[in-house]
Structures are given as C-alpha cells and as structure tokens.
Amino acid sequence: MSDNCLFCKIIKGDIPSTRIYESDRVIGFVDLHPQAKKHFLFVHKNHTSNINEMAYDGHSLVDVYQAIAEFTKKEQLDFSGFRVVTNQGKHSGQTVFHTHFHVLGGEHLGHFGS
C-alpha cells in the first residue's frame, strides 16, 4: 500500500466509502461522482499505479474481474448490461494512480466503440 494514495486510504478505512463488495483481495465501492445511474469502483488491495503495471501480475487482474463478475451477477446488472472502464495515464483522464475499474450500468449507456 502507498501512504499517499487515496484508494489505499479507503482500503485501510482511513477514508470512509460506501462499500458494495469486499473480499480478502478486492474492494468495490460507490463512485462519489457517478457518470451513470449505477457507478462503482473496483480496486485490488495490492497497490499498482495503472493497468499496464497490474498486467504483470495476472492474478490481480483476475481477482478484480472475478469480483466484478460476482457483483454484477448478484445485482443483476449482467441481465441489462454494464460497462467496465479503466483509464491509463493523465491524458486518458486518470486522476487517482491506483489501478481501478469503473463499473457503470443501471440505465441505457450511450454507444461506445463497436
């Protein structure tokens, strides 16, 4: 964990959050600035700065995606659909440099890609 990282502080409980999922390796919580009717963030408890760094430890990536799958099935978001987004670097809009995944759903999302 990083002492200066916002998400590490949330993981440790130093900063409050509305947790919607927790395992021994991953937490999910409500995004404070939602971009959809339902907007959650999923983070691995091991600190990495971005998706490329996390990719070197495939287990962490699998942990997060399994958590997202479990949560979206439980919440029935998989029935209507949801979007998973992660940003890599400042130009993409990444503002917190702890690898995190946005899960958006609960409404019709605009067309993005193919």
# chains A, B, ... in the order shown; residues from 1 in each chain; ligands from 1
$ residues_around --residues "range 27-32 of chain A" --least-positions-apart "5" --cutoff "7 Å" --atoms "only C-alpha atoms" --output "list in words"
Ser17, Thr18, Arg19, Ile20, Tyr21, Glu22, His39, Phe40, Leu41, Phe42, Val43 and His44 of chain A
$ residues_around --residues "Cys8 in chain A" --least-positions-apart "3" --cutoff "12 Å" --atoms "only C-alpha atoms" --output "number ranges by chain"
A: 1-5, 11-17, 26-27, 43-49, 96-100
$ closest_residue --among "A:Phe7, A:Phe112, A:Phe79, A:Phe101" --to "Leu61 in chain A" --atoms "only C-alpha atoms"
A:Phe101
$ closest_residue --among "A:Ser60, A:Gln66, A:Thr72, A:Ser80" --to "Glu107 in chain A" --atoms "only C-alpha atoms"
A:Ser80
$ atom_distance --atom1 "CA of Leu6 in chain A" --atom2 "CA of Thr95 in chain A"
10.3 Å
$ closest_residue --among "A:Val103, A:Leu109, A:Met54, A:Ile10" --to "Ala69 in chain A" --atoms "only C-alpha atoms"
A:Val103
$ select_by_dssp --residues "chain A" --states "helix (DSSP H, G or I)" --output "PyMOL selection string"
chain A and resi 6-12+51-55+58-74+77-80+90-92
$ write_last_selection --atoms "N, CA and C atoms" --output "mmCIF file, in the first residue's frame"
data_model
loop_
_atom_site.group_PDB
_atom_site.id
_atom_site.type_symbol
_atom_site.label_atom_id
_atom_site.label_comp_id
_atom_site.auth_asym_id
_atom_site.auth_seq_id
_atom_site.Cartn_x
_atom_site.Cartn_y
_atom_site.Cartn_z
ATOM 1 N N LEU A 6 -5.085 7.787 -2.339
ATOM 2 C CA LEU A 6 -6.464 7.913 -1.899
ATOM 3 C C LEU A 6 -7.138 6.548 -1.747
ATOM 4 N N PHE A 7 -6.982 5.671 -2.743
ATOM 5 C CA PHE A 7 -7.647 4.376 -2.675
ATOM 6 C C PHE A 7 -7.022 3.467 -1.625
ATOM 7 N N CYS A 8 -5.726 3.566 -1.392
ATOM 8 C CA CYS A 8 -5.112 2.791 -0.304
ATOM 9 C C CYS A 8 -5.687 3.239 1.041
ATOM 10 N N LYS A 9 -5.936 4.542 1.182
ATOM 11 C CA LYS A 9 -6.539 5.053 2.412
ATOM 12 C C LYS A 9 -7.968 4.545 2.571
ATOM 13 N N ILE A 10 -8.704 4.420 1.461
ATOM 14 C CA ILE A 10 -10.055 3.861 1.509
ATOM 15 C C ILE A 10 -9.985 2.388 1.896
ATOM 16 N N ILE A 11 -9.056 1.652 1.311
ATOM 17 C CA ILE A 11 -8.885 0.229 1.632
ATOM 18 C C ILE A 11 -8.610 0.045 3.125
ATOM 19 N N LYS A 12 -7.724 0.888 3.672
ATOM 20 C CA LYS A 12 -7.371 0.791 5.091
ATOM 21 C C LYS A 12 -8.487 1.279 6.013
ATOM 22 N N ILE A 51 -3.119 0.004 -15.291
ATOM 23 C CA ILE A 51 -3.435 -1.311 -15.832
ATOM 24 C C ILE A 51 -2.202 -2.009 -16.397
ATOM 25 N N ASN A 52 -1.285 -1.270 -17.003
ATOM 26 C CA ASN A 52 -0.076 -1.906 -17.534
ATOM 27 C C ASN A 52 0.777 -2.489 -16.423
ATOM 28 N N GLU A 53 0.892 -1.779 -15.321
ATOM 29 C CA GLU A 53 1.644 -2.294 -14.172
ATOM 30 C C GLU A 53 0.932 -3.508 -13.579
ATOM 31 N N MET A 54 -0.378 -3.447 -13.476
ATOM 32 C CA MET A 54 -1.143 -4.559 -12.913
ATOM 33 C C MET A 54 -1.049 -5.797 -13.796
ATOM 34 N N ALA A 55 -0.922 -5.606 -15.098
ATOM 35 C CA ALA A 55 -0.907 -6.732 -16.040
ATOM 36 C C ALA A 55 0.267 -7.674 -15.803
ATOM 37 N N GLY A 58 -0.856 -11.147 -13.336
ATOM 38 C CA GLY A 58 -2.133 -11.578 -13.873
ATOM 39 C C GLY A 58 -3.137 -11.977 -12.818
ATOM 40 N N HIS A 59 -2.671 -12.442 -11.662
ATOM 41 C CA HIS A 59 -3.587 -12.854 -10.599
ATOM 42 C C HIS A 59 -4.417 -11.676 -10.095
ATOM 43 N N SER A 60 -3.810 -10.510 -9.979
ATOM 44 C CA SER A 60 -4.546 -9.333 -9.501
ATOM 45 C C SER A 60 -5.643 -8.954 -10.476
ATOM 46 N N LEU A 61 -5.337 -9.011 -11.754
ATOM 47 C CA LEU A 61 -6.319 -8.688 -12.783
ATOM 48 C C LEU A 61 -7.492 -9.671 -12.732
ATOM 49 N N VAL A 62 -7.190 -10.934 -12.593
ATOM 50 C CA VAL A 62 -8.233 -11.963 -12.487
ATOM 51 C C VAL A 62 -9.061 -11.740 -11.226
ATOM 52 N N ASP A 63 -8.421 -11.420 -10.112
ATOM 53 C CA ASP A 63 -9.148 -11.163 -8.860
ATOM 54 C C ASP A 63 -10.199 -10.077 -9.054
ATOM 55 N N VAL A 64 -9.809 -8.991 -9.700
ATOM 56 C CA VAL A 64 -10.730 -7.867 -9.878
ATOM 57 C C VAL A 64 -11.879 -8.260 -10.803
ATOM 58 N N TYR A 65 -11.563 -8.898 -11.918
ATOM 59 C CA TYR A 65 -12.627 -9.268 -12.852
ATOM 60 C C TYR A 65 -13.562 -10.330 -12.278
ATOM 61 N N GLN A 66 -13.054 -11.213 -11.446
ATOM 62 C CA GLN A 66 -13.936 -12.174 -10.783
ATOM 63 C C GLN A 66 -14.857 -11.459 -9.794
ATOM 64 N N ALA A 67 -14.333 -10.455 -9.102
ATOM 65 C CA ALA A 67 -15.152 -9.669 -8.171
ATOM 66 C C ALA A 67 -16.248 -8.928 -8.930
ATOM 67 N N ILE A 68 -15.894 -8.333 -10.060
ATOM 68 C CA ILE A 68 -16.883 -7.630 -10.875
ATOM 69 C C ILE A 68 -17.948 -8.602 -11.364
ATOM 70 N N ALA A 69 -17.539 -9.775 -11.824
ATOM 71 C CA ALA A 69 -18.499 -10.779 -12.299
ATOM 72 C C ALA A 69 -19.447 -11.198 -11.182
ATOM 73 N N GLU A 70 -18.904 -11.464 -10.012
ATOM 74 C CA GLU A 70 -19.722 -11.883 -8.870
ATOM 75 C C GLU A 70 -20.725 -10.789 -8.500
ATOM 76 N N PHE A 71 -20.241 -9.556 -8.411
ATOM 77 C CA PHE A 71 -21.098 -8.445 -8.020
ATOM 78 C C PHE A 71 -22.182 -8.160 -9.062
ATOM 79 N N THR A 72 -21.816 -8.111 -10.336
ATOM 80 C CA THR A 72 -22.792 -7.767 -11.365
ATOM 81 C C THR A 72 -23.851 -8.852 -11.533
ATOM 82 N N LYS A 73 -23.488 -10.097 -11.291
ATOM 83 C CA LYS A 73 -24.496 -11.166 -11.326
ATOM 84 C C LYS A 73 -25.444 -11.035 -10.146
ATOM 85 N N LYS A 74 -24.887 -10.791 -8.960
ATOM 86 C CA LYS A 74 -25.701 -10.652 -7.752
ATOM 87 C C LYS A 74 -26.673 -9.478 -7.882
ATOM 88 N N LEU A 77 -26.962 -6.814 -12.875
ATOM 89 C CA LEU A 77 -26.508 -5.883 -13.905
ATOM 90 C C LEU A 77 -26.132 -6.628 -15.177
ATOM 91 N N ASP A 78 -25.779 -7.892 -15.037
ATOM 92 C CA ASP A 78 -25.412 -8.670 -16.223
ATOM 93 C C ASP A 78 -26.617 -8.894 -17.128
ATOM 94 N N PHE A 79 -27.827 -8.821 -16.589
ATOM 95 C CA PHE A 79 -29.037 -9.036 -17.372
ATOM 96 C C PHE A 79 -29.253 -7.891 -18.369
ATOM 97 N N SER A 80 -29.157 -6.648 -17.889
ATOM 98 C CA SER A 80 -29.397 -5.492 -18.755
ATOM 99 C C SER A 80 -28.118 -4.964 -19.400
ATOM 100 N N LYS A 90 -2.551 10.293 -17.462
ATOM 101 C CA LYS A 90 -3.218 11.597 -17.361
ATOM 102 C C LYS A 90 -4.049 11.939 -18.587
ATOM 103 N N HIS A 91 -3.553 11.646 -19.782
ATOM 104 C CA HIS A 91 -4.272 12.016 -20.999
ATOM 105 C C HIS A 91 -5.587 11.259 -21.143
ATOM 106 N N SER A 92 -5.712 10.122 -20.482
ATOM 107 C CA SER A 92 -6.961 9.352 -20.548
ATOM 108 C C SER A 92 -7.969 9.829 -19.519
#
$ select_by_dssp --residues "chain A" --states "strand (DSSP E or B)" --output "mmCIF file with C-alpha atoms, in the first residue's frame"
data_model
loop_
_atom_site.group_PDB
_atom_site.id
_atom_site.type_symbol
_atom_site.label_atom_id
_atom_site.label_comp_id
_atom_site.auth_asym_id
_atom_site.auth_seq_id
_atom_site.Cartn_x
_atom_site.Cartn_y
_atom_site.Cartn_z
ATOM 1 C CA ARG A 19 -18.534 -0.413 0.148
ATOM 2 C CA ILE A 20 -20.636 -2.663 -2.016
ATOM 3 C CA TYR A 21 -18.184 -5.563 -2.281
ATOM 4 C CA GLU A 22 -15.215 -6.852 -0.296
ATOM 5 C CA VAL A 26 -10.593 -6.685 -3.756
ATOM 6 C CA ILE A 27 -12.989 -3.965 -2.678
ATOM 7 C CA GLY A 28 -15.805 -2.283 -4.561
ATOM 8 C CA PHE A 29 -17.397 0.995 -3.563
ATOM 9 C CA VAL A 30 -19.764 3.646 -4.869
ATOM 10 C CA LYS A 38 -25.110 2.902 -11.062
ATOM 11 C CA HIS A 39 -21.381 3.658 -10.893
ATOM 12 C CA PHE A 40 -18.983 1.619 -8.797
ATOM 13 C CA LEU A 41 -15.212 1.382 -8.490
ATOM 14 C CA PHE A 42 -13.361 -1.902 -8.029
ATOM 15 C CA VAL A 43 -9.755 -1.903 -6.806
ATOM 16 C CA HIS A 44 -7.284 -4.578 -5.834
ATOM 17 C CA PHE A 82 -22.890 -2.831 -17.857
ATOM 18 C CA ARG A 83 -19.629 -1.218 -18.913
ATOM 19 C CA VAL A 84 -16.165 -1.671 -17.361
ATOM 20 C CA VAL A 85 -13.661 1.143 -17.937
ATOM 21 C CA HIS A 100 -9.182 0.916 -10.612
ATOM 22 C CA PHE A 101 -12.084 -0.209 -12.733
ATOM 23 C CA HIS A 102 -15.295 1.761 -13.215
ATOM 24 C CA VAL A 103 -18.423 -0.390 -13.473
ATOM 25 C CA LEU A 104 -21.286 1.591 -14.990
ATOM 26 C CA GLY A 105 -24.863 0.478 -15.563
#
$ atom_distance --atom1 "CA of Ala36 in chain A" --atom2 "CA of Thr86 in chain A"
15.1 Å
$ atom_distance --atom1 "CA of Gly89 in chain A" --atom2 "CA of Gly110 in chain A"
23.5 Å
